[in-house]
There are 2 protein chains.
Amino acid sequence: MDQLIDRIKSDGYVENDEILKVDSFINHQVDVNLMLAAGKDIANHFKDQGITKVVTIESSGISPALMSAMALDVPMIVLKKQPSKILNKDLLQTEITSFTKEINYELTIKNHLINENDHVLIVDDFMANGETATGALRLIRAAHATVAGVAVLIEKTFQNGSSKLKEQGIELYSLAKIKSLKNGKIEFERSVSNPPL
Amino acid sequence: MDQLIDRIKSDGYVENDEILKVDSFINHQVDVNLMLAAGKDIANHFKDQGITKVVTIESSGISPALMSAMALDVPMIVLKKQPSKILNKDLLQTEITSFTKEINYELTIKNHLINENDHVLIVDDFMANGETATGALRLIRAAHATVAGVAVLIEKTFQNGSSKLKEQGIELYSLAKIKSLKNGKIEFERSVSNPPL
């Protein structure tokens, strides 16, 4: 999505070779109109797939997920991050190891919120190593629902999230694809930033 | 707001005398159309006050805040909860003691996101003891911005958040006011649920 790529170019900053900060328009301050446009784009891509719910992970996926859910006219579900396993028959949980934040947590959903009649779209801000998305997939499948795909604002294609999803037959739809953050420079995948004529 | 009050009556449940759970439409699963209506209502109430930014606290205030910001056509800022004080000249922090969750955390904002030219509306899901809203006010003032008011989906009027704000001269706008949760029963303030004829 050109609008997002232009914004990353102007306001994103490279913290190191792995981390891109987008605090001024996605993660801390949120540009509402940009999220609205992103939600419409994501919804348009998945509009014929019979999505019943949009699922995201707290907290920086909420804004694009809410806008996607609005455009698809379906509810949004926010998967919660719990510090530890809770024994409760009403909850589904799966452990996530976050490489970037070097912590473990339990991704959690109340199990009556999704069932075998649901066809779910996962929306998040970033796709990096895919650990969160893979955990969300486990939870959704444990609830006997099916998954239409995963949509993210920004994919870091130099990490392996995309191939983890591909192995499971899950489509990844990314509005901006970043090939490299080396030497403080944001390099986009040519196919997204410069479509061939 | 009648639509919200009706939904609380049908889908809210009383966990104990202090806690109302709204997991199926606000906090875990989010009814996007309800949030859209709430955002429009909040924006309409504050529309002539020159709001420049909507501020909320991660994570369950994000949905109503995003919709309010959309209706006001201003950016949203999500105040972050950090586990501990971080020494960094680019951050403003203030300690919050959460009575309900029995934890302390540092409410955090990057200080270039708000300045003396901003007139801020705080939006959150609940107003209970007002500890979070009071902390948000401290941060916004530390950034030299002014505050138009605080808007919440649900105010528990039997707790003292409202009077804490009143002491500081801050308006609280609540879409639903709950007077009591005693004996498993949700009792609304008459003025909201049953306006006089």
# chains A, B, ... in the order shown; residues from 1 in each chain; ligands from 1
>>> select_by_dssp(residues="range 38-100 of chain A", states="alpha helix (DSSP H)", output="JSON, numbers by chain")
{"A": [38, 39, 40, 41, 42, 43, 44, 45, 46, 62, 63, 64, 65, 66, 67, 68, 69, 70, 71, 72]}
>>> write_last_selection(atoms="all heavy atoms", output="CSV table (one decimal), in the first residue's frame")
chain,number,residue,atom,x,y,z
A,38,ALA,N,-5.7,1.2,5.7
A,38,ALA,CA,-5.2,-0.1,5.7
A,38,ALA,C,-6.2,-1.2,6.0
A,38,ALA,O,-6.3,-2.2,5.4
A,38,ALA,CB,-4.1,-0.2,6.9
A,39,GLY,N,-7.2,-0.9,6.9
A,39,GLY,CA,-8.3,-1.8,7.2
A,39,GLY,C,-9.1,-2.0,5.9
A,39,GLY,O,-9.5,-3.2,5.6
A,40,LYS,N,-9.4,-1.0,5.2
A,40,LYS,CA,-10.2,-1.2,3.9
A,40,LYS,C,-9.4,-2.0,2.9
A,40,LYS,O,-10.0,-2.9,2.2
A,40,LYS,CB,-10.5,0.2,3.3
A,40,LYS,CG,-11.6,1.0,4.0
A,40,LYS,CD,-11.8,2.3,3.3
A,40,LYS,CE,-12.9,3.1,4.1
A,40,LYS,NZ,-13.0,4.5,3.7
A,41,ASP,N,-8.1,-1.8,2.8
A,41,ASP,CA,-7.3,-2.6,1.9
A,41,ASP,C,-7.3,-4.1,2.3
A,41,ASP,O,-7.5,-4.9,1.4
A,41,ASP,CB,-5.9,-2.0,1.9
A,41,ASP,CG,-5.0,-2.7,0.8
A,41,ASP,OD1,-4.9,-3.9,0.8
A,41,ASP,OD2,-4.3,-2.0,0.1
A,42,ILE,N,-7.1,-4.3,3.5
A,42,ILE,CA,-7.1,-5.7,4.0
A,42,ILE,C,-8.5,-6.4,3.8
A,42,ILE,O,-8.6,-7.5,3.3
A,42,ILE,CB,-6.7,-5.8,5.5
A,42,ILE,CG1,-5.2,-5.4,5.7
A,42,ILE,CG2,-7.0,-7.1,6.1
A,42,ILE,CD1,-4.8,-5.1,7.1
A,43,ALA,N,-9.5,-5.6,4.2
A,43,ALA,CA,-10.9,-6.2,4.0
A,43,ALA,C,-11.2,-6.5,2.5
A,43,ALA,O,-11.8,-7.5,2.2
A,43,ALA,CB,-11.9,-5.2,4.6
A,44,ASN,N,-10.7,-5.6,1.7
A,44,ASN,CA,-11.0,-5.8,0.2
A,44,ASN,C,-10.3,-7.0,-0.3
A,44,ASN,O,-10.9,-7.8,-1.1
A,44,ASN,CB,-10.5,-4.5,-0.5
A,44,ASN,CG,-10.9,-4.6,-2.0
A,44,ASN,OD1,-12.1,-4.7,-2.3
A,44,ASN,ND2,-9.9,-4.4,-2.9
A,45,HIS,N,-9.1,-7.3,0.2
A,45,HIS,CA,-8.3,-8.5,-0.2
A,45,HIS,C,-9.0,-9.8,0.2
A,45,HIS,O,-9.0,-10.8,-0.5
A,45,HIS,CB,-6.9,-8.4,0.4
A,45,HIS,CG,-6.1,-9.6,-0.1
A,45,HIS,ND1,-5.4,-9.5,-1.3
A,45,HIS,CD2,-5.8,-10.8,0.5
A,45,HIS,CE1,-4.7,-10.7,-1.4
A,45,HIS,NE2,-4.9,-11.4,-0.4
A,46,PHE,N,-9.7,-9.8,1.4
A,46,PHE,CA,-10.3,-11.0,1.9
A,46,PHE,C,-11.8,-11.0,1.8
A,46,PHE,O,-12.4,-11.9,2.4
A,46,PHE,CB,-9.8,-11.2,3.4
A,46,PHE,CG,-8.4,-11.6,3.6
A,46,PHE,CD1,-7.4,-10.6,3.8
A,46,PHE,CD2,-8.0,-12.9,3.5
A,46,PHE,CE1,-6.1,-11.0,4.0
A,46,PHE,CE2,-6.7,-13.3,3.6
A,46,PHE,CZ,-5.7,-12.3,3.9
A,62,ILE,N,-4.3,-3.9,17.5
A,62,ILE,CA,-5.8,-3.6,17.7
A,62,ILE,C,-6.3,-2.5,16.7
A,62,ILE,O,-7.3,-2.7,16.1
A,62,ILE,CB,-6.1,-3.1,19.2
A,62,ILE,CG1,-5.8,-4.3,20.2
A,62,ILE,CG2,-7.5,-2.6,19.3
A,62,ILE,CD1,-6.0,-3.9,21.6
A,63,SER,N,-5.5,-1.5,16.5
A,63,SER,CA,-6.0,-0.4,15.6
A,63,SER,C,-6.2,-0.9,14.1
A,63,SER,O,-7.3,-0.8,13.6
A,63,SER,CB,-5.0,0.8,15.6
A,63,SER,OG,-5.0,1.4,16.8
A,64,PRO,N,-5.2,-1.6,13.5
A,64,PRO,CA,-5.5,-2.1,12.1
A,64,PRO,C,-6.6,-3.2,12.1
A,64,PRO,O,-7.4,-3.3,11.2
A,64,PRO,CB,-4.1,-2.6,11.6
A,64,PRO,CG,-3.3,-2.8,12.9
A,64,PRO,CD,-3.8,-1.8,13.8
A,65,ALA,N,-6.6,-4.0,13.2
A,65,ALA,CA,-7.6,-5.1,13.2
A,65,ALA,C,-9.0,-4.5,13.4
A,65,ALA,O,-10.0,-5.0,12.7
A,65,ALA,CB,-7.3,-6.0,14.4
A,66,LEU,N,-9.2,-3.5,14.2
A,66,LEU,CA,-10.5,-2.9,14.4
A,66,LEU,C,-11.0,-2.3,13.1
A,66,LEU,O,-12.2,-2.4,12.7
A,66,LEU,CB,-10.4,-1.8,15.5
A,66,LEU,CG,-11.8,-1.2,15.9
A,66,LEU,CD1,-12.6,-2.2,16.7
A,66,LEU,CD2,-11.6,0.1,16.7
A,67,MET,N,-10.1,-1.6,12.3
A,67,MET,CA,-10.5,-1.0,11.1
A,67,MET,C,-10.8,-2.1,10.0
A,67,MET,O,-11.7,-1.9,9.2
A,67,MET,CB,-9.4,-0.1,10.6
A,67,MET,CG,-9.2,1.2,11.4
A,67,MET,SD,-10.8,2.1,11.7
A,67,MET,CE,-10.2,3.7,12.3
A,68,SER,N,-10.0,-3.2,10.0
A,68,SER,CA,-10.3,-4.3,9.1
A,68,SER,C,-11.7,-4.9,9.4
A,68,SER,O,-12.5,-5.2,8.5
A,68,SER,CB,-9.2,-5.4,9.2
A,68,SER,OG,-8.0,-4.9,8.9
A,69,ALA,N,-11.9,-5.1,10.7
A,69,ALA,CA,-13.2,-5.7,11.2
A,69,ALA,C,-14.4,-4.8,10.8
A,69,ALA,O,-15.5,-5.3,10.4
A,69,ALA,CB,-13.2,-5.9,12.7
A,70,MET,N,-14.2,-3.5,10.9
A,70,MET,CA,-15.2,-2.5,10.5
A,70,MET,C,-15.6,-2.7,9.1
A,70,MET,O,-16.7,-2.7,8.7
A,70,MET,CB,-14.8,-1.1,10.9
A,70,MET,CG,-15.9,-0.1,10.6
A,70,MET,SD,-15.5,1.6,11.3
A,70,MET,CE,-14.3,2.1,10.2
A,71,ALA,N,-14.5,-2.7,8.2
A,71,ALA,CA,-14.7,-2.8,6.8
A,71,ALA,C,-15.3,-4.1,6.4
A,71,ALA,O,-16.1,-4.2,5.4
A,71,ALA,CB,-13.4,-2.6,6.1
A,72,LEU,N,-15.1,-5.2,7.1
A,72,LEU,CA,-15.7,-6.5,6.9
A,72,LEU,C,-17.0,-6.7,7.6
A,72,LEU,O,-17.7,-7.7,7.3
A,72,LEU,CB,-14.7,-7.6,7.3
A,72,LEU,CG,-13.5,-7.8,6.4
A,72,LEU,CD1,-12.4,-8.7,7.2
A,72,LEU,CD2,-13.8,-8.5,5.1
>>> closest_atom_pairs(of="chain B", to="chain A", cutoff="9 Å", atoms="only C-alpha atoms", output="CSV")
residue,atom,partner,partner_atom,distance
B:Asp23,CA,A:Lys110,CA,8.9
B:Ser24,CA,A:Leu113,CA,7.5
B:Phe25,CA,A:Pro75,CA,8.5
B:Asn27,CA,A:Val78,CA,7.8
B:His28,CA,A:Val78,CA,5.2
B:Gln29,CA,A:Ile77,CA,4.2
B:Val30,CA,A:Met76,CA,5.1
B:Asp31,CA,A:Pro75,CA,5.2
B:Val32,CA,A:Pro75,CA,5.8
B:Asn33,CA,A:Met70,CA,7.3
B:Leu36,CA,A:Met70,CA,8.6
B:Val55,CA,A:Gln29,CA,8.9
B:Glu58,CA,A:Ser59,CA,6.7
B:Ser59,CA,A:Ser59,CA,5.6
B:Ser60,CA,A:Ser59,CA,8.5
B:Ile62,CA,A:Ile62,CA,7.2
B:Ser63,CA,A:Leu66,CA,7.0
B:Leu66,CA,A:Val32,CA,6.9
B:Met67,CA,A:Val32,CA,8.6
B:Ala69,CA,A:Val32,CA,7.0
B:Met70,CA,A:Val32,CA,6.0
B:Asp73,CA,A:Val32,CA,7.7
B:Val74,CA,A:Val32,CA,7.3
B:Pro75,CA,A:Asp31,CA,5.2
B:Met76,CA,A:Val30,CA,5.1
B:Ile77,CA,A:Gln29,CA,4.2
B:Val78,CA,A:His28,CA,5.2
B:Leu79,CA,A:His28,CA,7.1
B:Lys80,CA,A:His28,CA,7.7
B:Ile109,CA,A:His28,CA,8.0
B:Lys110,CA,A:His28,CA,8.3
B:Leu113,CA,A:Gln29,CA,7.2
>>> residues_around(residues="Asp124 in chain B", least_positions_apart="4", cutoff="6 Å", atoms="only C-alpha atoms", output="ChimeraX atom specification")
/B:56,61,152
>>> residues_around(residues="range 12-22 of chain B", least_positions_apart="5", cutoff="6 Å", atoms="only C-alpha atoms", output="PDB file with N, CA and C atoms, in the first residue's frame")
ATOM      1  N   LEU B 181     -23.398  -2.888  41.787  1.00  0.00           N
ATOM      2  CA  LEU B 181     -23.301  -4.258  41.252  1.00  0.00           C
ATOM      3  C   LEU B 181     -23.602  -5.265  42.366  1.00  0.00           C
ATOM      4  N   LYS B 182     -24.250  -4.790  43.423  1.00  0.00           N
ATOM      5  CA  LYS B 182     -24.478  -5.661  44.595  1.00  0.00           C
ATOM      6  C   LYS B 182     -25.463  -6.775  44.292  1.00  0.00           C
ATOM      7  N   GLY B 184     -25.186  -9.390  42.619  1.00  0.00           N
ATOM      8  CA  GLY B 184     -25.193  -9.902  41.249  1.00  0.00           C
ATOM      9  C   GLY B 184     -26.085  -9.132  40.291  1.00  0.00           C
TER      10      GLY B 184
END
>>> select_by_dssp(residues="range 10-48 of chain B", states="strand (DSSP E)", output="ChimeraX atom specification")
/B:13-14,20-21,29-30
>>> write_last_selection(atoms="N, CA, C and O atoms", output="compact mmCIF listing (two decimals), in the first residue's frame")
# COMPACT_ATOMS: atom_id res chain seq x y z
N TYR B 13 -21.82 -9.29 32.69
CA TYR B 13 -22.08 -10.10 33.88
C TYR B 13 -21.28 -9.63 35.08
O TYR B 13 -20.17 -9.12 34.96
N VAL B 14 -21.93 -9.79 36.22
CA VAL B 14 -21.37 -9.26 37.45
C VAL B 14 -20.45 -10.31 38.05
O VAL B 14 -20.90 -11.40 38.40
N LEU B 20 -17.61 -5.58 36.87
CA LEU B 20 -18.53 -5.93 35.78
C LEU B 20 -17.70 -6.43 34.61
O LEU B 20 -16.76 -5.76 34.18
N LYS B 21 -18.04 -7.60 34.08
CA LYS B 21 -17.31 -8.14 32.94
C LYS B 21 -18.08 -7.84 31.65
O LYS B 21 -19.29 -8.10 31.56
N GLN B 29 -13.85 -9.82 23.05
CA GLN B 29 -14.48 -9.63 21.75
C GLN B 29 -15.00 -8.19 21.72
O GLN B 29 -15.54 -7.71 22.72
N VAL B 30 -14.80 -7.52 20.58
CA VAL B 30 -15.21 -6.12 20.46
C VAL B 30 -16.30 -6.00 19.40
O VAL B 30 -16.11 -6.43 18.26
>>> decode(residues="range 144-191 of chain A", atoms="C-alpha atoms", output="mmCIF file, in the first residue's frame")
data_model
loop_
_atom_site.group_PDB
_atom_site.id
_atom_site.type_symbol
_atom_site.label_atom_id
_atom_site.label_comp_id
_atom_site.auth_asym_id
_atom_site.auth_seq_id
_atom_site.Cartn_x
_atom_site.Cartn_y
_atom_site.Cartn_z
ATOM 1 C CA HIS A 144 -12.019 -25.796 15.906
ATOM 2 C CA ALA A 145 -12.281 -22.685 13.738
ATOM 3 C CA THR A 146 -10.636 -22.271 10.330
ATOM 4 C CA VAL A 147 -8.228 -19.539 9.225
ATOM 5 C CA ALA A 148 -8.588 -17.502 6.044
ATOM 6 C CA GLY A 149 -5.170 -15.907 6.341
ATOM 7 C CA VAL A 150 -2.944 -13.455 8.123
ATOM 8 C CA ALA A 151 -2.738 -9.758 7.222
ATOM 9 C CA VAL A 152 -0.070 -7.403 8.536
ATOM 10 C CA LEU A 153 0.856 -3.787 7.982
ATOM 11 C CA ILE A 154 4.584 -4.475 7.770
ATOM 12 C CA GLU A 155 6.379 -7.713 6.932
ATOM 13 C CA LYS A 156 10.101 -8.006 7.545
ATOM 14 C CA THR A 157 10.857 -10.457 4.751
ATOM 15 C CA PHE A 158 14.426 -11.010 6.022
ATOM 16 C CA GLN A 159 12.946 -12.891 8.974
ATOM 17 C CA ASN A 160 11.169 -16.216 8.565
ATOM 18 C CA GLY A 161 7.543 -15.549 9.574
ATOM 19 C CA SER A 162 6.266 -15.850 6.027
ATOM 20 C CA SER A 163 7.805 -19.289 5.451
ATOM 21 C CA LYS A 164 6.442 -20.551 8.794
ATOM 22 C CA LEU A 165 2.931 -19.646 7.613
ATOM 23 C CA LYS A 166 3.541 -21.043 4.119
ATOM 24 C CA GLU A 167 4.510 -24.422 5.616
ATOM 25 C CA GLN A 168 1.075 -24.502 7.219
ATOM 26 C CA GLY A 169 -0.694 -23.467 4.017
ATOM 27 C CA ILE A 170 -1.663 -20.055 5.407
ATOM 28 C CA GLU A 171 -1.671 -16.970 3.177
ATOM 29 C CA LEU A 172 0.191 -13.902 4.399
ATOM 30 C CA TYR A 173 -1.017 -10.561 3.034
ATOM 31 C CA SER A 174 1.398 -7.698 3.784
ATOM 32 C CA LEU A 175 0.778 -4.028 3.035
ATOM 33 C CA ALA A 176 4.487 -3.197 3.110
ATOM 34 C CA LYS A 177 7.418 -5.598 2.714
ATOM 35 C CA ILE A 178 10.802 -4.681 4.097
ATOM 36 C CA LYS A 179 13.785 -6.555 2.742
ATOM 37 C CA SER A 180 16.511 -5.107 4.935
ATOM 38 C CA LEU A 181 17.196 -2.640 7.740
ATOM 39 C CA LYS A 182 20.959 -2.906 7.491
ATOM 40 C CA ASN A 183 23.203 0.164 7.929
ATOM 41 C CA GLY A 184 20.263 2.243 9.169
ATOM 42 C CA LYS A 185 18.561 2.086 5.752
ATOM 43 C CA ILE A 186 15.022 0.847 5.061
ATOM 44 C CA GLU A 187 15.026 -1.251 1.894
ATOM 45 C CA PHE A 188 11.627 -2.322 0.567
ATOM 46 C CA GLU A 189 10.912 -5.380 -1.569
ATOM 47 C CA ARG A 190 10.851 -4.224 -5.160
ATOM 48 C CA SER A 191 7.543 -5.955 -5.920
#
